[in-house]
Structures are given as C-alpha cells and as structure tokens.
$ cat input-v1.txt   # compact mmCIF, N, CA and C atoms
# COMPACT_ATOMS: atom_id res chain seq x y z
N MET A 91 0.84 -1.18 0.00
CA MET A 91 0.00 0.00 0.00
C MET A 91 0.88 1.24 0.00
N THR A 92 0.53 2.23 -0.76
CA THR A 92 1.31 3.45 -0.90
C THR A 92 1.14 4.35 0.32
N SER A 93 2.22 5.00 0.71
CA SER A 93 2.22 5.89 1.86
C SER A 93 1.42 7.16 1.57
N ASN A 94 0.78 7.73 2.62
CA ASN A 94 0.08 9.01 2.50
C ASN A 94 1.04 10.18 2.66
N ASP A 95 2.30 9.94 2.93
CA ASP A 95 3.29 10.98 3.15
C ASP A 95 3.54 11.72 1.83
N PRO A 96 3.21 13.02 1.76
CA PRO A 96 3.41 13.77 0.52
C PRO A 96 4.86 14.22 0.30
N ALA A 97 5.77 13.78 1.16
CA ALA A 97 7.17 14.20 1.04
C ALA A 97 7.78 13.71 -0.27
N GLN A 98 8.85 14.35 -0.63
CA GLN A 98 9.58 13.99 -1.84
C GLN A 98 10.00 12.53 -1.83
N ARG A 99 9.81 11.84 -2.95
CA ARG A 99 10.15 10.43 -3.07
C ARG A 99 10.98 10.25 -4.34
N PHE A 100 11.66 9.11 -4.44
CA PHE A 100 12.47 8.81 -5.61
C PHE A 100 12.07 7.44 -6.14
N GLY A 101 12.19 7.26 -7.44
CA GLY A 101 11.84 5.98 -8.02
C GLY A 101 12.25 5.88 -9.48
N HIS A 102 11.80 4.80 -10.12
CA HIS A 102 12.07 4.55 -11.53
C HIS A 102 10.75 4.33 -12.26
N ILE A 103 10.68 4.79 -13.49
CA ILE A 103 9.52 4.54 -14.33
C ILE A 103 9.58 3.07 -14.76
N VAL A 104 8.52 2.32 -14.48
CA VAL A 104 8.53 0.89 -14.79
C VAL A 104 7.57 0.50 -15.90
N ASP A 105 6.63 1.39 -16.25
CA ASP A 105 5.69 1.03 -17.31
C ASP A 105 4.98 2.27 -17.83
N ARG A 106 4.48 2.16 -19.05
CA ARG A 106 3.66 3.20 -19.67
C ARG A 106 2.50 2.50 -20.35
N MET A 107 1.30 2.94 -20.06
CA MET A 107 0.11 2.35 -20.67
C MET A 107 -0.55 3.40 -21.54
N PRO A 108 -0.39 3.29 -22.87
CA PRO A 108 -0.97 4.30 -23.76
C PRO A 108 -2.50 4.26 -23.71
N LEU A 109 -3.08 5.43 -23.81
CA LEU A 109 -4.53 5.54 -23.82
C LEU A 109 -5.07 5.93 -25.19
N GLY A 110 -4.17 6.34 -26.09
CA GLY A 110 -4.61 6.73 -27.41
C GLY A 110 -5.14 8.14 -27.48
N SER A 111 -4.89 8.96 -26.45
CA SER A 111 -5.33 10.34 -26.49
C SER A 111 -4.13 11.26 -26.63
N GLY A 112 -4.37 12.52 -26.69
CA GLY A 112 -3.28 13.48 -26.84
C GLY A 112 -2.81 13.55 -28.27
N THR A 113 -1.85 14.40 -28.54
CA THR A 113 -1.33 14.58 -29.88
C THR A 113 -0.73 13.29 -30.39
N GLY A 114 -1.23 12.79 -31.48
CA GLY A 114 -0.71 11.56 -32.08
C GLY A 114 -0.98 10.32 -31.25
N GLY A 115 -1.91 10.38 -30.32
CA GLY A 115 -2.23 9.21 -29.50
C GLY A 115 -1.13 8.83 -28.53
N ARG A 116 -0.32 9.79 -28.11
CA ARG A 116 0.86 9.49 -27.29
C ARG A 116 0.66 9.68 -25.80
N GLN A 117 -0.43 10.32 -25.39
CA GLN A 117 -0.64 10.53 -23.96
C GLN A 117 -1.06 9.22 -23.32
N GLY A 118 -0.55 8.95 -22.14
CA GLY A 118 -0.90 7.72 -21.46
C GLY A 118 -0.68 7.83 -19.97
N THR A 119 -0.84 6.72 -19.31
CA THR A 119 -0.61 6.64 -17.88
C THR A 119 0.76 6.00 -17.66
N TYR A 120 1.55 6.59 -16.78
CA TYR A 120 2.87 6.08 -16.46
C TYR A 120 2.84 5.46 -15.07
N ILE A 121 3.73 4.50 -14.83
CA ILE A 121 3.82 3.85 -13.52
C ILE A 121 5.24 4.05 -12.99
N VAL A 122 5.35 4.53 -11.75
CA VAL A 122 6.64 4.72 -11.10
C VAL A 122 6.69 3.80 -9.87
N ARG A 123 7.85 3.15 -9.67
CA ARG A 123 8.05 2.31 -8.49
C ARG A 123 8.90 3.09 -7.49
N ASP A 124 8.39 3.27 -6.28
CA ASP A 124 9.09 3.98 -5.23
C ASP A 124 10.35 3.20 -4.84
N ALA A 125 11.49 3.87 -4.84
CA ALA A 125 12.78 3.21 -4.57
C ALA A 125 12.88 2.70 -3.13
N ASP A 126 12.21 3.37 -2.18
CA ASP A 126 12.30 2.96 -0.78
C ASP A 126 11.29 1.88 -0.40
N THR A 127 10.06 2.02 -0.87
CA THR A 127 9.00 1.12 -0.43
C THR A 127 8.66 0.03 -1.43
N GLY A 128 9.00 0.25 -2.71
CA GLY A 128 8.61 -0.69 -3.76
C GLY A 128 7.18 -0.50 -4.22
N ASP A 129 6.46 0.46 -3.63
CA ASP A 129 5.08 0.73 -4.03
C ASP A 129 5.04 1.31 -5.43
N HIS A 130 3.93 1.10 -6.11
CA HIS A 130 3.73 1.63 -7.46
C HIS A 130 2.71 2.75 -7.41
N CYS A 131 2.99 3.82 -8.14
CA CYS A 131 2.07 4.95 -8.27
C CYS A 131 1.90 5.24 -9.75
N SER A 132 0.74 5.72 -10.12
CA SER A 132 0.51 6.10 -11.51
C SER A 132 0.49 7.62 -11.63
N PHE A 133 0.75 8.10 -12.84
CA PHE A 133 0.64 9.53 -13.10
C PHE A 133 0.41 9.74 -14.59
N MET A 134 -0.08 10.91 -14.92
CA MET A 134 -0.37 11.28 -16.30
C MET A 134 0.67 12.27 -16.81
N TYR A 135 0.65 12.46 -18.09
CA TYR A 135 1.52 13.39 -18.78
C TYR A 135 1.56 14.76 -18.09
N ALA A 136 0.40 15.26 -17.68
CA ALA A 136 0.31 16.59 -17.07
C ALA A 136 1.03 16.68 -15.73
N ASP A 137 1.36 15.55 -15.10
CA ASP A 137 2.06 15.54 -13.82
C ASP A 137 3.58 15.68 -13.96
N ILE A 138 4.10 15.63 -15.19
CA ILE A 138 5.54 15.75 -15.43
C ILE A 138 5.91 17.23 -15.37
N VAL A 139 6.89 17.56 -14.54
CA VAL A 139 7.35 18.94 -14.39
C VAL A 139 8.67 19.08 -15.14
N THR A 140 8.67 19.92 -16.18
CA THR A 140 9.87 20.13 -16.98
C THR A 140 9.70 21.36 -17.85
N GLU A 141 10.80 21.82 -18.39
CA GLU A 141 10.75 22.86 -19.41
C GLU A 141 10.71 22.15 -20.75
N GLY A 142 9.99 22.68 -21.69
CA GLY A 142 9.93 22.06 -23.01
C GLY A 142 8.96 20.90 -23.04
N PHE A 143 9.31 19.87 -23.81
CA PHE A 143 8.43 18.72 -23.98
C PHE A 143 8.31 17.90 -22.70
N ARG A 144 7.09 17.52 -22.38
CA ARG A 144 6.84 16.63 -21.23
C ARG A 144 6.93 15.20 -21.75
N THR A 145 8.06 14.60 -21.54
CA THR A 145 8.25 13.23 -21.99
C THR A 145 9.09 12.49 -20.98
N ILE A 146 8.90 11.20 -20.92
CA ILE A 146 9.64 10.38 -19.98
C ILE A 146 9.66 8.96 -20.54
N ARG A 147 10.69 8.21 -20.24
CA ARG A 147 10.82 6.85 -20.76
C ARG A 147 10.95 5.84 -19.63
N THR A 148 10.53 4.62 -19.93
CA THR A 148 10.66 3.53 -18.98
C THR A 148 12.12 3.37 -18.58
N GLY A 149 12.37 3.19 -17.30
CA GLY A 149 13.72 3.03 -16.78
C GLY A 149 14.33 4.29 -16.21
N GLU A 150 13.77 5.45 -16.54
CA GLU A 150 14.34 6.70 -16.04
C GLU A 150 14.08 6.88 -14.55
N ARG A 151 15.05 7.52 -13.87
CA ARG A 151 14.90 7.86 -12.45
C ARG A 151 14.11 9.16 -12.35
N VAL A 152 13.25 9.24 -11.35
CA VAL A 152 12.44 10.43 -11.14
C VAL A 152 12.35 10.76 -9.66
N ARG A 153 11.98 12.01 -9.42
CA ARG A 153 11.63 12.49 -8.07
C ARG A 153 10.15 12.87 -8.16
N PHE A 154 9.37 12.59 -7.12
CA PHE A 154 7.95 12.87 -7.17
C PHE A 154 7.38 12.99 -5.77
N THR A 155 6.15 13.45 -5.68
CA THR A 155 5.39 13.42 -4.44
C THR A 155 4.13 12.59 -4.71
N THR A 156 3.45 12.21 -3.64
CA THR A 156 2.18 11.52 -3.81
C THR A 156 1.06 12.46 -3.39
N ASP A 157 -0.10 12.23 -3.93
CA ASP A 157 -1.27 13.05 -3.64
C ASP A 157 -1.90 12.55 -2.34
N PRO A 158 -1.97 13.37 -1.28
CA PRO A 158 -2.56 12.91 -0.01
C PRO A 158 -3.99 12.41 -0.17
N ALA A 159 -4.74 12.96 -1.10
CA ALA A 159 -6.13 12.54 -1.31
C ALA A 159 -6.21 11.23 -2.09
N ASN A 160 -5.16 10.92 -2.84
CA ASN A 160 -5.11 9.69 -3.65
C ASN A 160 -3.67 9.19 -3.63
N PRO A 161 -3.25 8.47 -2.59
CA PRO A 161 -1.85 8.11 -2.40
C PRO A 161 -1.26 7.19 -3.46
N GLU A 162 -2.08 6.65 -4.35
CA GLU A 162 -1.54 5.83 -5.44
C GLU A 162 -1.30 6.66 -6.69
N HIS A 163 -1.44 7.99 -6.57
CA HIS A 163 -1.21 8.90 -7.69
C HIS A 163 0.03 9.75 -7.41
N ALA A 164 1.01 9.66 -8.29
CA ALA A 164 2.21 10.50 -8.19
C ALA A 164 1.91 11.85 -8.83
N ARG A 165 2.56 12.88 -8.34
CA ARG A 165 2.42 14.20 -8.95
C ARG A 165 3.75 14.93 -8.82
N TYR A 166 3.88 16.02 -9.54
CA TYR A 166 5.12 16.78 -9.57
C TYR A 166 6.31 15.86 -9.89
N VAL A 167 6.21 15.12 -10.97
CA VAL A 167 7.22 14.16 -11.37
C VAL A 167 8.34 14.88 -12.12
N VAL A 168 9.57 14.75 -11.63
CA VAL A 168 10.73 15.43 -12.21
C VAL A 168 11.74 14.38 -12.66
N ARG A 169 12.17 14.45 -13.91
CA ARG A 169 13.18 13.53 -14.43
C ARG A 169 14.54 13.86 -13.81
N LEU A 170 15.27 12.84 -13.39
CA LEU A 170 16.59 13.06 -12.79
C LEU A 170 17.73 12.76 -13.76
N ASP A 171 17.52 11.85 -14.69
CA ASP A 171 18.56 11.48 -15.66
C ASP A 171 18.19 12.02 -17.02
N LEU A 172 18.53 13.26 -17.27
CA LEU A 172 18.23 13.83 -18.57
C LEU A 172 19.20 13.29 -19.61
N PRO A 173 18.67 12.73 -20.70
CA PRO A 173 19.54 12.15 -21.72
C PRO A 173 20.21 13.23 -22.56
N ASP A 174 21.28 12.83 -23.24
CA ASP A 174 21.91 13.71 -24.21
C ASP A 174 20.90 13.94 -25.34
N VAL A 175 20.70 15.18 -25.72
CA VAL A 175 19.68 15.53 -26.71
C VAL A 175 19.88 14.78 -28.03
N GLU A 176 21.10 14.68 -28.51
CA GLU A 176 21.35 14.01 -29.79
C GLU A 176 21.02 12.52 -29.72
N ASP A 177 21.31 11.87 -28.60
CA ASP A 177 21.00 10.45 -28.45
C ASP A 177 19.50 10.22 -28.29
N TYR A 178 18.84 11.14 -27.60
CA TYR A 178 17.43 10.99 -27.28
C TYR A 178 16.54 11.07 -28.51
N TYR A 179 16.89 11.99 -29.43
CA TYR A 179 16.02 12.25 -30.57
C TYR A 179 16.52 11.64 -31.87
N ARG A 180 17.15 10.49 -31.81
CA ARG A 180 17.57 9.80 -33.04
C ARG A 180 16.41 9.15 -33.71
$ encode --input "input-v1.txt" --output "structure tokens"
Amino acid sequence: MTSNDPAQRFGHIVDRMPLGSGTGGRQGTYIVRDADTGDHCSFMYADIVTEGFRTIRTGERVRFTTDPANPEHARYVVRLDLPDVEDYYR
C-alpha cells in the first residue's frame, strides 16, 4: 500500500500504458516504483514537471510526491537522468 506521506520520493519509471489520447495518441498513464518502499504509483503526462516537452521513458529515475487525497497517484514528477539531446532524438 502506498504511503500518504506527501514528502519527496524517488523511483524509476517501470511502465507506460498508452490511452490513445493526446497529440498523435501518445498521452498515457505512467507507472513509477518507489525506490524505498517498492510501491507503485501512476501519473499522467500533465504531472511531469519540466521545461519544453513533457516526456519520460521507462527506466528513467524520477523524483515525485504523492497526492494525499489519492496516495496511489504520483504528482510533480521530475526527471533526474536527462539524456543527451542528440541520443534521445535519433
């Protein structure tokens, strides 16, 4: 069970489930596994905090908080391992 603690957490993106919405059908639900507890939380594209394109890939490390009203929902998701731009957009 996911903690109600809204404090900053760290984890890895473990899955993406496309919903077929958004530009080009690319918006979906992402799943992050908490590094400390092993709990899984879901989040949407709009929960990604970044400049420029909101994108994230499976395996990336992130920092996030959980929603006290819905502890299985991650929010304020920040990518920690930004890829090299040339490698990312090949």
$ atom_distance --input "input-v1.txt" --atom1 "atom CA of Phe100 of chain A" --atom2 "atom CA of Asp129 of chain A"
11.1 Å
$ closest_residue --input "input-v1.txt" --among "A:Leu170, A:Asp124, A:Thr119, A:Val104" --to "Thr155 of chain A" --atoms "only C-alpha atoms"
A:Asp124
$ closest_residue --input "input-v1.txt" --among "A:Ile138, A:Val152, A:Val168, A:Ala159" --to "Arg99 of chain A" --atoms "all atoms listed in the file"
A:Val152
$ closest_residue --input "input-v1.txt" --among "A:Ile146, A:Val139, A:Ala97, A:Ala164" --to "Arg123 of chain A" --atoms "only C-alpha atoms"
A:Ala164
$ closest_residue --input "input-v1.txt" --among "A:Glu176, A:Thr148, A:Phe143, A:Arg165" --to "His102 of chain A" --atoms "only C-alpha atoms"
A:Thr148
$ residues_around --input "input-v1.txt" --residues "Ala136 of chain A" --least-positions-apart "5" --cutoff "8 Å" --atoms "all atoms listed in the file" --output "PyMOL selection string"
chain A and resi 117-118+144+165-167
$ atom_distance --input "input-v1.txt" --atom1 "atom C of Thr156 of chain A" --atom2 "atom CA of Arg169 of chain A"
16.4 Å
$ atom_distance --input "input-v1.txt" --atom1 "atom C of His130 of chain A" --atom2 "atom C of Arg153 of chain A"
12.6 Å
